[in-house]
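As provided, input28.cif (mmCIF, C-alpha atoms) reads as follows.
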```
data_query
#
loop_
_atom_site.label_atom_id
_atom_site.label_comp_id
_atom_site.auth_asym_id
_atom_site.auth_seq_id
_atom_site.Cartn_x
_atom_site.Cartn_y
_atom_site.Cartn_z
CA MET A 236 -43.77 77.51 1.31
CA ARG A 237 -41.69 78.43 -1.67
CA LEU A 238 -39.16 80.18 0.58
CA ARG A 239 -38.81 77.04 2.76
CA TRP A 240 -38.25 74.80 -0.30
CA HIS A 241 -35.64 77.18 -1.64
CA GLY A 242 -33.80 77.16 1.71
CA LEU A 243 -33.81 73.36 1.80
CA ARG A 244 -32.40 73.19 -1.72
CA SER A 245 -29.57 75.55 -0.84
CA MET A 246 -28.68 73.44 2.20
CA ALA A 247 -28.75 70.12 0.33
CA PRO A 248 -25.08 70.12 -0.75
CA ALA A 249 -23.93 70.85 2.81
CA LEU A 250 -26.16 68.08 4.17
CA ALA A 251 -24.92 65.64 1.54
CA VAL A 252 -21.26 66.47 2.27
CA THR A 253 -21.84 66.09 6.02
CA ALA A 254 -23.47 62.71 5.48
CA ALA A 255 -20.64 61.57 3.20
CA ILE A 256 -17.96 62.65 5.69
CA ALA A 257 -19.81 60.94 8.55
CA ALA A 258 -20.10 57.74 6.53
CA ALA A 259 -16.39 57.91 5.57
CA ALA A 260 -15.39 58.46 9.21
CA ALA A 261 -17.51 55.52 10.34
CA LEU A 262 -15.95 53.34 7.64
CA TRP A 263 -12.43 54.54 8.51
CA HIS A 264 -12.87 53.57 12.14
CA ASN A 265 -14.17 50.15 11.22
CA LEU A 266 -11.62 49.09 8.58
CA PRO A 267 -10.43 45.49 8.93
CA GLU A 268 -6.98 44.99 10.43
CA PRO A 269 -4.22 43.65 8.16
CA THR A 270 -4.34 40.44 10.20
CA ASP A 271 -8.01 40.12 9.23
CA ILE A 272 -7.43 40.98 5.57
CA TYR A 273 -4.73 38.35 5.17
CA LYS A 274 -5.97 35.84 7.72
CA PRO A 275 -5.91 32.15 6.81
CA PHE A 276 -8.93 30.06 5.95
CA ASP A 277 -9.44 27.74 8.91
CA VAL A 278 -10.32 24.09 8.29
CA HIS A 279 -11.77 22.69 11.50
CA ALA A 280 -11.48 19.07 12.59
CA ALA A 281 -11.80 16.92 15.69
CA VAL A 282 -9.25 14.51 17.16
CA GLY A 283 -8.98 11.44 14.95
CA GLN A 284 -10.56 13.21 12.00
CA GLN A 285 -8.58 13.82 8.80
CA ALA A 286 -8.56 17.49 7.85
CA THR A 287 -7.71 18.53 4.30
CA GLY A 288 -6.88 22.07 3.36
CA HIS A 289 -5.36 23.67 0.28
CA GLY A 290 -2.16 21.72 -0.22
CA ILE A 291 -2.00 20.14 3.25
CA THR A 292 -3.67 17.36 5.21
CA ALA A 293 -3.34 16.55 8.89
CA ILE A 294 -4.83 14.30 11.53
CA VAL A 295 -4.34 14.45 15.29
CA ASP A 296 -4.24 10.94 16.76
CA GLY A 297 -4.10 11.94 20.41
CA VAL A 298 -2.50 14.07 23.11
CA ARG A 299 -0.23 13.09 25.98
CA ILE A 300 0.55 15.35 28.93
CA GLY A 301 3.34 14.94 31.48
CA PRO A 302 6.18 16.73 33.26
CA LYS A 303 8.95 14.81 31.44
CA VAL A 304 9.56 13.87 27.82
CA HIS A 305 11.85 10.98 26.92
CA THR A 306 13.26 10.72 23.40
CA VAL A 307 14.17 7.25 22.18
CA SER A 308 16.09 8.19 19.05
CA PRO A 309 19.65 9.45 19.37
CA PRO A 310 20.43 11.49 21.30
CA GLU A 311 18.35 9.60 23.88
CA LYS A 312 17.44 11.97 26.70
CA THR A 313 14.79 12.86 29.27
CA VAL A 314 13.80 16.51 29.51
CA GLN A 315 12.00 17.93 32.54
CA SER A 316 9.62 20.82 31.84
CA VAL A 317 9.45 23.92 34.00
CA GLY A 318 5.69 23.61 33.44
CA THR A 319 4.33 20.54 31.74
CA TRP A 320 4.69 19.01 28.30
CA VAL A 321 1.77 18.71 25.93
CA VAL A 322 2.75 16.20 23.26
CA VAL A 323 0.43 16.13 20.25
CA ASP A 324 0.68 12.95 18.16
CA ALA A 325 -0.21 13.72 14.56
CA ALA A 326 0.33 12.93 10.91
CA VAL A 327 0.83 15.68 8.36
CA ALA A 328 1.32 15.62 4.61
CA SER A 329 1.59 17.98 1.70
CA THR A 330 -0.61 17.18 -1.26
CA ARG A 331 1.08 19.31 -3.96
CA ASP A 332 4.31 21.05 -3.06
CA PHE A 333 7.29 20.91 -0.75
CA GLY A 334 7.35 23.15 2.29
CA LEU A 335 7.79 23.45 6.02
CA PRO A 336 4.90 22.50 8.32
CA ARG A 337 4.15 25.16 10.93
CA THR A 338 2.14 24.74 14.09
CA GLU A 339 1.01 26.47 17.25
CA LEU A 340 -1.05 25.42 20.25
CA ILE A 341 -3.80 27.63 21.63
CA VAL A 342 -4.13 27.05 25.38
CA GLY A 343 -6.52 29.32 27.21
CA PRO A 344 -5.58 32.88 26.29
CA ASN A 345 -2.05 31.93 25.20
CA THR A 346 -0.41 30.76 22.00
CA TYR A 347 2.58 28.40 22.17
CA GLY A 348 5.04 27.36 19.51
CA PRO A 349 6.55 23.87 19.51
CA SER A 350 9.64 23.42 21.66
CA ASP A 351 12.95 23.45 19.79
CA ARG A 352 14.48 21.07 22.38
CA PHE A 353 13.41 18.08 20.28
CA PHE A 354 14.55 19.47 16.95
CA LEU A 355 15.76 16.13 15.59
CA THR A 356 12.92 14.01 16.96
CA ALA A 357 9.76 16.07 16.58
CA LEU A 358 7.73 16.93 13.51
CA GLY A 359 8.84 20.01 11.61
CA ALA A 360 11.08 18.78 8.80
CA GLU A 361 10.26 19.78 5.24
CA LEU A 362 7.26 18.01 3.72
CA GLN A 363 7.41 16.50 0.24
CA ALA A 364 4.28 15.99 -1.84
CA GLY A 365 2.44 12.73 -1.19
CA ILE A 366 4.71 11.59 1.67
CA THR A 367 3.12 11.56 5.13
CA GLN A 368 5.15 12.34 8.24
CA ARG A 369 3.80 10.78 11.43
CA GLY A 370 5.24 11.94 14.74
CA SER A 371 4.73 14.46 17.51
CA TRP A 372 5.02 18.11 18.43
CA ALA A 373 5.92 18.97 22.04
CA PHE A 374 4.73 22.19 23.67
CA GLU A 375 5.77 23.48 27.08
CA VAL A 376 2.81 25.09 28.88
CA PRO A 377 1.70 26.05 32.43
CA PRO A 378 0.21 22.95 34.12
CA ASP A 379 -2.96 24.62 35.39
CA LEU A 380 -4.03 25.56 31.86
CA VAL A 381 -4.16 21.89 30.80
CA ALA A 382 -5.39 20.35 34.04
CA ALA A 383 -8.24 17.86 33.82
CA GLY A 384 -11.48 19.75 33.22
CA ALA A 385 -9.78 22.82 31.76
CA ASP A 386 -11.10 24.38 28.56
CA PRO A 387 -10.35 22.56 25.28
CA ILE A 388 -7.09 23.42 23.52
CA SER A 389 -6.57 23.89 19.77
CA LEU A 390 -3.75 22.85 17.48
CA ARG A 391 -3.22 24.93 14.35
CA VAL A 392 -1.23 23.49 11.43
CA TRP A 393 -0.33 25.12 8.13
CA MET A 394 2.44 25.07 5.55
CA ASN A 395 4.98 27.81 4.88
CA ASP A 396 3.00 31.08 5.03
CA GLU A 397 -0.49 30.93 6.49
CA ARG A 398 -1.68 34.21 4.98
CA LEU A 399 -4.66 33.70 2.68
CA ASP A 400 -4.05 29.94 2.76
CA SER A 401 -5.55 26.98 4.55
CA ARG A 402 -4.88 26.48 8.25
CA ILE A 403 -6.02 23.28 9.91
CA VAL A 404 -7.49 23.80 13.39
CA VAL A 405 -8.05 20.75 15.59
CA THR A 406 -9.97 21.24 18.82
CA ILE A 407 -8.80 18.91 21.60
CA PRO A 408 -11.00 18.40 24.70
CA LEU A 409 -8.89 17.77 27.81
CA ASP A 410 -10.85 14.72 28.94
CA ASP A 411 -9.66 11.16 29.49
CA GLN A 412 -11.01 10.07 26.12
CA HIS A 413 -8.66 12.37 24.19
CA VAL A 414 -5.76 12.93 26.59
CA SER A 415 -3.51 10.54 28.48
CA ARG A 416 -1.46 11.74 31.45
CA ASP A 417 1.83 10.13 32.49
CA ASP A 418 4.94 11.07 34.46
CA VAL A 419 7.10 10.45 31.41
CA VAL A 420 5.90 10.89 27.83
CA THR A 421 7.89 9.04 25.19
CA LEU A 422 8.66 10.88 21.96
CA GLU A 423 8.98 8.47 19.05
CA PRO A 424 10.98 9.48 15.98
CA VAL A 425 9.12 10.75 12.93
CA ARG A 426 8.10 8.04 10.45
CA LYS A 427 7.61 8.80 6.78
CA ALA A 428 5.55 6.85 4.25
CA ALA A 429 3.82 7.52 0.95
CA LYS A 430 0.03 7.44 1.12
CA MET B 91 -16.88 77.74 -20.34
CA THR B 92 -20.62 78.03 -19.91
CA GLY B 93 -22.70 81.04 -19.24
CA GLY B 94 -19.66 83.11 -18.29
CA THR B 95 -19.59 81.51 -14.81
CA GLY B 96 -15.98 80.29 -15.21
CA ARG B 97 -17.01 76.64 -14.67
CA LEU B 98 -16.20 73.94 -17.22
CA ALA B 99 -19.02 72.03 -18.82
CA LEU B 100 -19.78 68.62 -17.37
CA TRP B 101 -18.39 66.77 -20.38
CA GLN B 102 -15.16 68.75 -20.14
CA ARG B 103 -14.75 67.82 -16.49
CA ASN B 104 -15.48 64.19 -17.34
CA VAL B 105 -12.82 64.22 -20.05
CA ILE B 106 -10.26 65.68 -17.64
CA GLY B 107 -11.17 63.08 -14.99
CA ALA B 108 -10.90 60.25 -17.49
CA ALA B 109 -7.52 61.55 -18.69
CA VAL B 110 -6.17 61.74 -15.13
CA ALA B 111 -7.41 58.21 -14.41
CA ALA B 112 -5.85 56.93 -17.64
CA VAL B 113 -2.49 58.50 -16.78
CA ALA B 114 -2.63 57.02 -13.27
CA LEU B 115 -3.35 53.55 -14.70
CA GLY B 116 -0.66 54.11 -17.31
CA VAL B 117 1.86 54.54 -14.51
CA ILE B 118 0.55 51.94 -12.02
CA ILE B 119 0.13 49.05 -14.48
CA PRO B 120 3.59 49.02 -16.13
CA PHE B 121 5.62 50.14 -13.12
CA ASP B 122 3.85 48.39 -10.23
CA LEU B 123 1.29 45.73 -11.14
CA TRP B 124 2.97 44.23 -14.20
CA PRO B 125 6.38 43.54 -12.53
CA GLN B 126 4.62 41.80 -9.62
CA TRP B 127 2.53 39.74 -12.04
CA ALA B 128 5.61 38.88 -14.11
CA ASP B 129 7.51 37.82 -10.97
CA TYR B 130 4.64 35.51 -10.05
CA ARG B 131 4.33 34.07 -13.56
CA ALA B 132 8.07 33.35 -13.58
CA THR B 133 7.51 30.99 -10.64
CA VAL B 134 4.80 29.11 -12.57
CA GLU B 135 5.85 29.14 -16.22
CA PRO B 136 9.45 28.23 -17.10
CA ALA B 137 11.27 30.73 -19.30
CA HIS B 138 12.79 27.95 -21.43
CA VAL B 139 11.63 24.37 -21.98
CA ILE B 140 14.08 21.72 -23.20
CA GLU B 141 12.56 18.63 -24.78
CA PRO B 142 13.78 15.11 -23.87
CA ARG B 143 17.20 14.18 -25.30
CA GLU B 144 17.74 17.74 -26.52
CA SER B 145 19.98 20.52 -25.28
CA LEU B 146 19.56 24.25 -25.27
CA ALA B 147 21.91 27.19 -24.80
CA VAL B 148 20.59 29.75 -22.35
CA ASP B 149 22.65 32.79 -21.33
CA GLY B 150 25.93 31.19 -22.42
CA GLN B 151 25.27 27.81 -20.78
CA THR B 152 24.13 24.66 -22.54
CA TRP B 153 21.71 22.46 -20.59
CA SER B 154 20.64 18.85 -21.13
CA VAL B 155 19.60 15.82 -19.09
CA ALA B 156 22.50 13.38 -18.77
CA ASP B 157 20.85 10.58 -16.80
CA VAL B 158 17.70 9.64 -14.89
CA ARG B 159 17.66 6.67 -12.53
CA HIS B 160 14.83 5.28 -10.41
CA LEU B 161 16.04 3.28 -7.41
CA ARG B 162 14.05 1.23 -4.94
CA ARG B 163 16.87 1.40 -2.38
CA GLU B 164 19.14 4.11 -1.11
CA PRO B 165 22.48 3.33 -2.79
CA ARG B 166 24.68 5.37 -0.46
CA PRO B 167 26.11 3.34 2.41
CA GLY B 168 24.95 4.57 5.81
CA ALA B 169 22.07 6.61 4.41
CA PRO B 170 18.66 6.01 6.04
CA ALA B 171 16.32 3.60 4.28
CA LEU B 172 13.74 5.04 1.93
CA PRO B 173 10.29 5.63 3.44
CA GLU B 174 7.71 2.95 2.74
CA GLY B 175 6.03 3.37 -0.64
CA THR B 176 8.70 5.67 -2.09
CA VAL B 177 11.46 5.45 -4.67
CA LEU B 178 14.61 7.44 -5.17
CA THR B 179 14.92 9.34 -8.43
CA GLU B 180 18.38 10.57 -9.37
CA VAL B 181 18.63 13.18 -12.10
CA THR B 182 21.96 14.26 -13.53
CA VAL B 183 22.13 17.37 -15.69
CA ASP B 184 24.89 18.46 -18.02
CA ARG B 185 25.66 22.16 -17.80
CA ALA B 186 28.35 23.36 -20.19
CA GLY B 187 29.63 26.89 -20.33
CA VAL B 188 30.67 29.61 -17.95
CA VAL B 189 28.70 29.60 -14.71
CA PRO B 190 28.27 33.08 -13.22
CA PRO B 191 29.69 33.33 -9.69
CA ASP B 192 27.33 33.00 -6.72
CA THR B 193 24.72 31.26 -8.84
CA TYR B 194 22.76 28.80 -6.73
CA VAL B 195 19.98 26.75 -8.24
CA ILE B 196 17.50 24.26 -6.79
CA GLY B 197 16.39 21.11 -8.57
CA VAL B 198 12.62 20.61 -8.42
CA LEU B 199 11.00 17.50 -9.87
CA THR B 200 7.41 17.75 -11.07
CA ASP B 201 4.71 15.59 -12.62
CA GLY B 202 2.64 18.61 -13.59
CA GLN B 203 0.58 18.44 -10.40
CA GLN B 204 3.04 17.83 -7.58
CA ARG B 205 6.54 19.17 -6.90
CA TRP B 206 9.47 17.68 -4.99
CA ARG B 207 12.60 19.52 -3.91
CA GLY B 208 15.83 17.66 -4.59
CA GLU B 209 18.75 16.98 -2.35
CA SER B 210 21.78 18.28 -4.19
CA LEU B 211 24.53 15.76 -4.78
CA ALA B 212 28.16 16.83 -4.97
CA PRO B 213 28.44 18.63 -8.31
CA THR B 214 31.21 17.70 -10.69
CA GLN B 215 32.75 19.78 -13.42
CA GLY B 216 29.99 20.54 -15.91
CA GLN B 217 27.31 18.51 -14.15
CA LEU B 218 24.61 18.96 -11.53
CA ALA B 219 22.78 16.11 -9.81
CA TRP B 220 19.88 15.78 -7.42
CA ASN B 221 18.19 13.00 -5.44
CA PHE B 222 14.42 13.04 -5.06
CA VAL B 223 12.36 10.83 -2.75
CA VAL B 224 8.95 10.50 -4.42
CA PRO B 225 5.91 8.23 -4.00
CA ASP B 226 6.39 5.06 -6.06
CA ASP B 227 3.19 5.73 -8.03
CA ALA B 228 4.32 9.21 -9.11
CA VAL B 229 5.44 9.72 -12.72
CA PRO B 230 7.75 12.75 -12.84
CA THR B 231 7.81 14.41 -16.22
CA ALA B 232 10.24 17.30 -15.83
CA LEU B 233 13.03 18.82 -13.78
CA ASP B 234 12.73 22.53 -13.06
CA ILE B 235 15.96 24.45 -12.57
CA THR B 236 14.70 26.87 -9.94
CA MET B 237 16.28 30.03 -8.53
CA LEU B 238 16.16 30.97 -4.86
CA ASP B 239 13.34 33.46 -5.57
CA GLY B 240 11.23 30.61 -6.95
CA SER B 241 11.51 31.59 -10.61
CA ILE B 242 12.04 28.78 -13.13
CA PRO B 243 14.49 29.78 -15.86
CA ILE B 244 14.71 26.27 -17.37
CA ARG B 245 12.48 23.20 -17.49
CA LEU B 246 14.14 19.98 -18.63
CA GLN B 247 11.56 17.48 -19.85
CA LEU B 248 12.54 13.96 -18.84
#
```
This structure in structure tokens:
Amino acid sequence: MRLRWHGLRSMAPALAVTAAIAAAAALWHNLPEPTDIYKPFDVHAAVGQQATGHGITAIVDGVRIGPKVHTVSPPEKTVQSVGTWVVVDAAVASTRDFGLPRTELIVGPNTYGPSDRFFLTALGAELQAGITQRGSWAFEVPPDLVAAGADPISLRVWMNDERLDSRIVVTIPLDDQHVSRDDVVTLEPVRKAAK
Amino acid sequence: MTGGTGRLALWQRNVIGAAVAAVALGVIIPFDLWPQWADYRATVEPAHVIEPRESLAVDGQTWSVADVRHLRREPRPGAPALPEGTVLTEVTVDRAGVVPPDTYVIGVLTDGQQRWRGESLAPTQGQLAWNFVVPDDAVPTALDITMLDGSIPIRLQL
């Protein structure tokens, strides 16, 4: 009995080291990715619901889908999509600082940035504290991903750098209540107003 | 040494470990952490604050507020109308002295809670001027002379 206890005591350091190395290896293989470490804090909202994050507020009024977008402010033009246009009508404001609003649209497995073909008409200009910008972002996406009955899409909005900051996420069901579908979608110029 | 085994006593090993940790912190804090913290603080706290109607010489240049105007309409012909519920604040700053070449500054208006970036007006000899579109219920209290890296070398109280 004494011999067995002595043998166990002599093996204890080796067992402890083995356990520590195994635990370290398990931890090493399960470390969070940098994108997880620095990921933004999502603020979820529905269509028509005001979402307020750290330094930014936004509301999505509705979504219009169609193959053509017509801009009414100079230069007036109609732009045909190679897929289809998803135009998100929204209002966005900074509550504290100046900065550029950023956005992306999650459609199915894909992420789309706003089209730069409506640079002068769409949302995207610098925000100033307390002054709301109301307008639209236009995204060019494959038509089948936004067909009636397809999975909901999500709009993400943040200001400047999203890392470790608020990011507003608005889920948009693709039903008739939230989405209108036309051959030509009109893009109104951005309107600014203080709250 | 204990018992002639060649191993240091526990307290000796602890002292050595503590000394190594102290040296490591002594290097990391002043050469890595502190500069990053100082860079951040420079974007929050102005290096120099100039009281209203006073001037101050900083690095060979003398700064003071020359004029502040609050306008309900855009005075420039052809410029777009002001957004609803906003006013235009024009701030003109006197800057006397030798300006180092390639020095670009941004005018940022603040009320202590909110910040607005100015649109730079054509500078004249010895003066800088900015236009700010701000909500009409805002009460700006200072103009921050801001560098491109976000640091604030001078705050001019209005």
What does the distance from atom CA of A:Gly283 to atom CA of A:Gln412 come to in Å, to one decimal?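 Atom-to-atom, atom CA of A:Gly283 to atom CA of A:Gln412, that is 11.4 Å.
Proximity ranking of B:Val105, B:Ala232, B:Ala137, B:Val224 relative to chain A places B:Val224 first, based on only C-alpha atoms.
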Grab the atom CA of B:Gln126 to atom CA of B:Leu146 distance for me, in Å with one decimal place. 27.9 Å
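Picked out by the PyMOL selection byres ((chain B) within 9 of (chain A)) when it runs on this file: Leu172, Pro173, Glu174, Gly175, Thr176, Gln203, Gln204, Arg205, Trp206, Arg207, Val223, Val224, Pro225, Asp226 and Ala228 of chain B.
If you look at atom CA of B:Glu164 and atom CA of B:Ala212, they are 16.1 Å away from each other.
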For the structure provided, state which residues fall under the PyMOL selection byres ((chain B and resi 147) around 12), and present them as a list of chain:residue names.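 Applied to this file, the PyMOL selection byres ((chain B and resi 147) around 12) returns B:His138, B:Val139, B:Ile140, B:Glu144, B:Ser145, B:Leu146, B:Val148, B:Asp149, B:Gly150, B:Gln151, B:Thr152, B:Trp153, B:Ser154, B:Asp184, B:Arg185, B:Ala186, B:Gly187, B:Val188, B:Pro243, B:Ile244.
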Near-stretch 278-282 of chain A list (6 Å; all atoms listed in the file; drop same-chain fewer than 2 positions) as JSON, numbers by chain: {"A": [284, 286, 295, 402, 403, 404, 405, 406]}
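Among B:Asp122, B:Val183, B:Gly216, B:Glu209, the residue with the shortest atom-to-atom distance to B:Ile235, counting all atoms listed in the file, is B:Val183.
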Contacts of B:Ile242 at 10 Å or less, counting only C-alpha atoms, minus same-chain residues fewer than 6 places along, as a compact mmCIF listing (two decimals) with C-alpha atoms, in the frame of the given file?
```txt
# COMPACT_ATOMS: atom_id res chain seq x y z
CA ARG B 131 4.33 34.07 -13.56
CA ALA B 132 8.07 33.35 -13.58
CA THR B 133 7.51 30.99 -10.64
CA VAL B 134 4.80 29.11 -12.57
CA GLU B 135 5.85 29.14 -16.22
CA PRO B 136 9.45 28.23 -17.10
CA ALA B 137 11.27 30.73 -19.30
CA HIS B 138 12.79 27.95 -21.43
CA VAL B 139 11.63 24.37 -21.98
CA VAL B 195 19.98 26.75 -8.24
CA ILE B 196 17.50 24.26 -6.79
CA GLY B 197 16.39 21.11 -8.57
CA VAL B 198 12.62 20.61 -8.42
CA ASP B 234 12.73 22.53 -13.06
CA ILE B 235 15.96 24.45 -12.57
CA THR B 236 14.70 26.87 -9.94
```
Please list as a PDB file with C-alpha atoms, in the frame of the given file every residue within 7 Å of stretch 298-314 of chain A, counting only C-alpha atoms and excluding residues in the same chain fewer than 6 positions away.
```pdb
ATOM      1  CA  TRP A 320       4.690  19.010  28.300  1.00  0.00           C
ATOM      2  CA  VAL A 321       1.770  18.710  25.930  1.00  0.00           C
ATOM      3  CA  VAL A 322       2.750  16.200  23.260  1.00  0.00           C
ATOM      4  CA  VAL A 323       0.430  16.130  20.250  1.00  0.00           C
ATOM      5  CA  ASP A 324       0.680  12.950  18.160  1.00  0.00           C
ATOM      6  CA  THR A 356      12.920  14.010  16.960  1.00  0.00           C
ATOM      7  CA  HIS A 413      -8.660  12.370  24.190  1.00  0.00           C
ATOM      8  CA  VAL A 414      -5.760  12.930  26.590  1.00  0.00           C
ATOM      9  CA  SER A 415      -3.510  10.540  28.480  1.00  0.00           C
ATOM     10  CA  ARG A 416      -1.460  11.740  31.450  1.00  0.00           C
ATOM     11  CA  ASP A 417       1.830  10.130  32.490  1.00  0.00           C
ATOM     12  CA  ASP A 418       4.940  11.070  34.460  1.00  0.00           C
ATOM     13  CA  VAL A 419       7.100  10.450  31.410  1.00  0.00           C
ATOM     14  CA  VAL A 420       5.900  10.890  27.830  1.00  0.00           C
ATOM     15  CA  THR A 421       7.890   9.040  25.190  1.00  0.00           C
ATOM     16  CA  LEU A 422       8.660  10.880  21.960  1.00  0.00           C
ATOM     17  CA  GLU A 423       8.980   8.470  19.050  1.00  0.00           C
ATOM     18  CA  PRO A 424      10.980   9.480  15.980  1.00  0.00           C
TER      19      PRO A 424
END
```
Taking the file as I've supplied it (selection: the PyMOL selection byres ((chain A and resi 340) around 6)), which residues are included? Please answer as a list of chain:residue names.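 Selected by the PyMOL selection byres ((chain A and resi 340) around 6) in this file: A:Glu339, A:Ile341, A:Thr346, A:Tyr347, A:Ser389, A:Leu390.
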If we count all atoms listed in the file, what is near B:Val229 at a cut-off of 10 Å, once residues fewer than 6 positions away on the same chain are taken out, given as a PDB file with C-alpha atoms, in the coordinates of the input?
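around24.pdb written:
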```
ATOM      1  CA  LEU B 199      11.000  17.500  -9.870  1.00  0.00           C
ATOM      2  CA  THR B 200       7.410  17.750 -11.070  1.00  0.00           C
ATOM      3  CA  ASP B 201       4.710  15.590 -12.620  1.00  0.00           C
ATOM      4  CA  GLY B 202       2.640  18.610 -13.590  1.00  0.00           C
ATOM      5  CA  GLN B 204       3.040  17.830  -7.580  1.00  0.00           C
TER       6      GLN B 204
END
```
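Among the candidate residues A:Asp411, A:Asp400, A:Asp277, A:Glu268, the one lying nearest to A:His289 is A:Asp400, with distances computed using all atoms listed in the file.
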For B:Leu161, find every residue with an atom within 9 Å (counting all atoms listed in the file), except residues of its own chain fewer than 2 positions away, and show them as a PDB file with C-alpha atoms, in the frame of the given file.
```
ATOM      1  CA  ARG B 159      17.660   6.670 -12.530  1.00  0.00           C
ATOM      2  CA  ARG B 163      16.870   1.400  -2.380  1.00  0.00           C
ATOM      3  CA  GLU B 164      19.140   4.110  -1.110  1.00  0.00           C
ATOM      4  CA  PRO B 165      22.480   3.330  -2.790  1.00  0.00           C
ATOM      5  CA  VAL B 177      11.460   5.450  -4.670  1.00  0.00           C
ATOM      6  CA  LEU B 178      14.610   7.440  -5.170  1.00  0.00           C
ATOM      7  CA  THR B 179      14.920   9.340  -8.430  1.00  0.00           C
ATOM      8  CA  GLU B 180      18.380  10.570  -9.370  1.00  0.00           C
TER       9      GLU B 180
END
```
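Nearest to A:Arg391 of all the residues A:Leu243, A:Ala257, A:Ala328, A:Ala293 is A:Ala293, counting all atoms listed in the file.
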Output stretch 180-191 of chain B with N, CA and C atoms present, as an mmCIF file, keeping the file's coordinate frame.
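Final output, result_37.cif:
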```cif
data_model
loop_
_atom_site.group_PDB
_atom_site.id
_atom_site.type_symbol
_atom_site.label_atom_id
_atom_site.label_comp_id
_atom_site.auth_asym_id
_atom_site.auth_seq_id
_atom_site.Cartn_x
_atom_site.Cartn_y
_atom_site.Cartn_z
ATOM 1 N N GLU B 180 17.143 9.793 -9.219
ATOM 2 C CA GLU B 180 18.380 10.570 -9.370
ATOM 3 C C GLU B 180 18.391 11.205 -10.758
ATOM 4 N N VAL B 181 18.570 12.489 -10.814
ATOM 5 C CA VAL B 181 18.630 13.180 -12.100
ATOM 6 C C VAL B 181 19.974 13.893 -12.199
ATOM 7 N N THR B 182 20.681 13.606 -13.272
ATOM 8 C CA THR B 182 21.960 14.260 -13.530
ATOM 9 C C THR B 182 21.812 15.158 -14.758
ATOM 10 N N VAL B 183 22.300 16.370 -14.637
ATOM 11 C CA VAL B 183 22.130 17.370 -15.690
ATOM 12 C C VAL B 183 23.506 17.842 -16.156
ATOM 13 N N ASP B 184 23.669 17.875 -17.463
ATOM 14 C CA ASP B 184 24.890 18.460 -18.020
ATOM 15 C C ASP B 184 24.708 19.972 -18.143
ATOM 16 N N ARG B 185 25.705 20.697 -17.657
ATOM 17 C CA ARG B 185 25.660 22.160 -17.800
ATOM 18 C C ARG B 185 27.023 22.607 -18.320
ATOM 19 N N ALA B 186 27.086 22.929 -19.583
ATOM 20 C CA ALA B 186 28.350 23.360 -20.190
ATOM 21 C C ALA B 186 28.350 24.870 -20.331
ATOM 22 N N GLY B 187 29.521 25.445 -20.172
ATOM 23 C CA GLY B 187 29.630 26.890 -20.330
ATOM 24 C C GLY B 187 30.087 27.549 -19.038
ATOM 25 N N VAL B 188 30.171 28.842 -19.093
ATOM 26 C CA VAL B 188 30.670 29.610 -17.950
ATOM 27 C C VAL B 188 29.520 29.858 -16.973
ATOM 28 N N VAL B 189 29.724 29.417 -15.735
ATOM 29 C CA VAL B 189 28.700 29.600 -14.710
ATOM 30 C C VAL B 189 28.986 30.916 -13.977
ATOM 31 N N PRO B 190 28.041 31.841 -13.955
ATOM 32 C CA PRO B 190 28.270 33.080 -13.220
ATOM 33 C C PRO B 190 28.529 32.793 -11.739
ATOM 34 N N PRO B 191 29.402 33.571 -11.114
ATOM 35 C CA PRO B 191 29.690 33.330 -9.690
ATOM 36 C C PRO B 191 28.443 33.558 -8.835
#
```
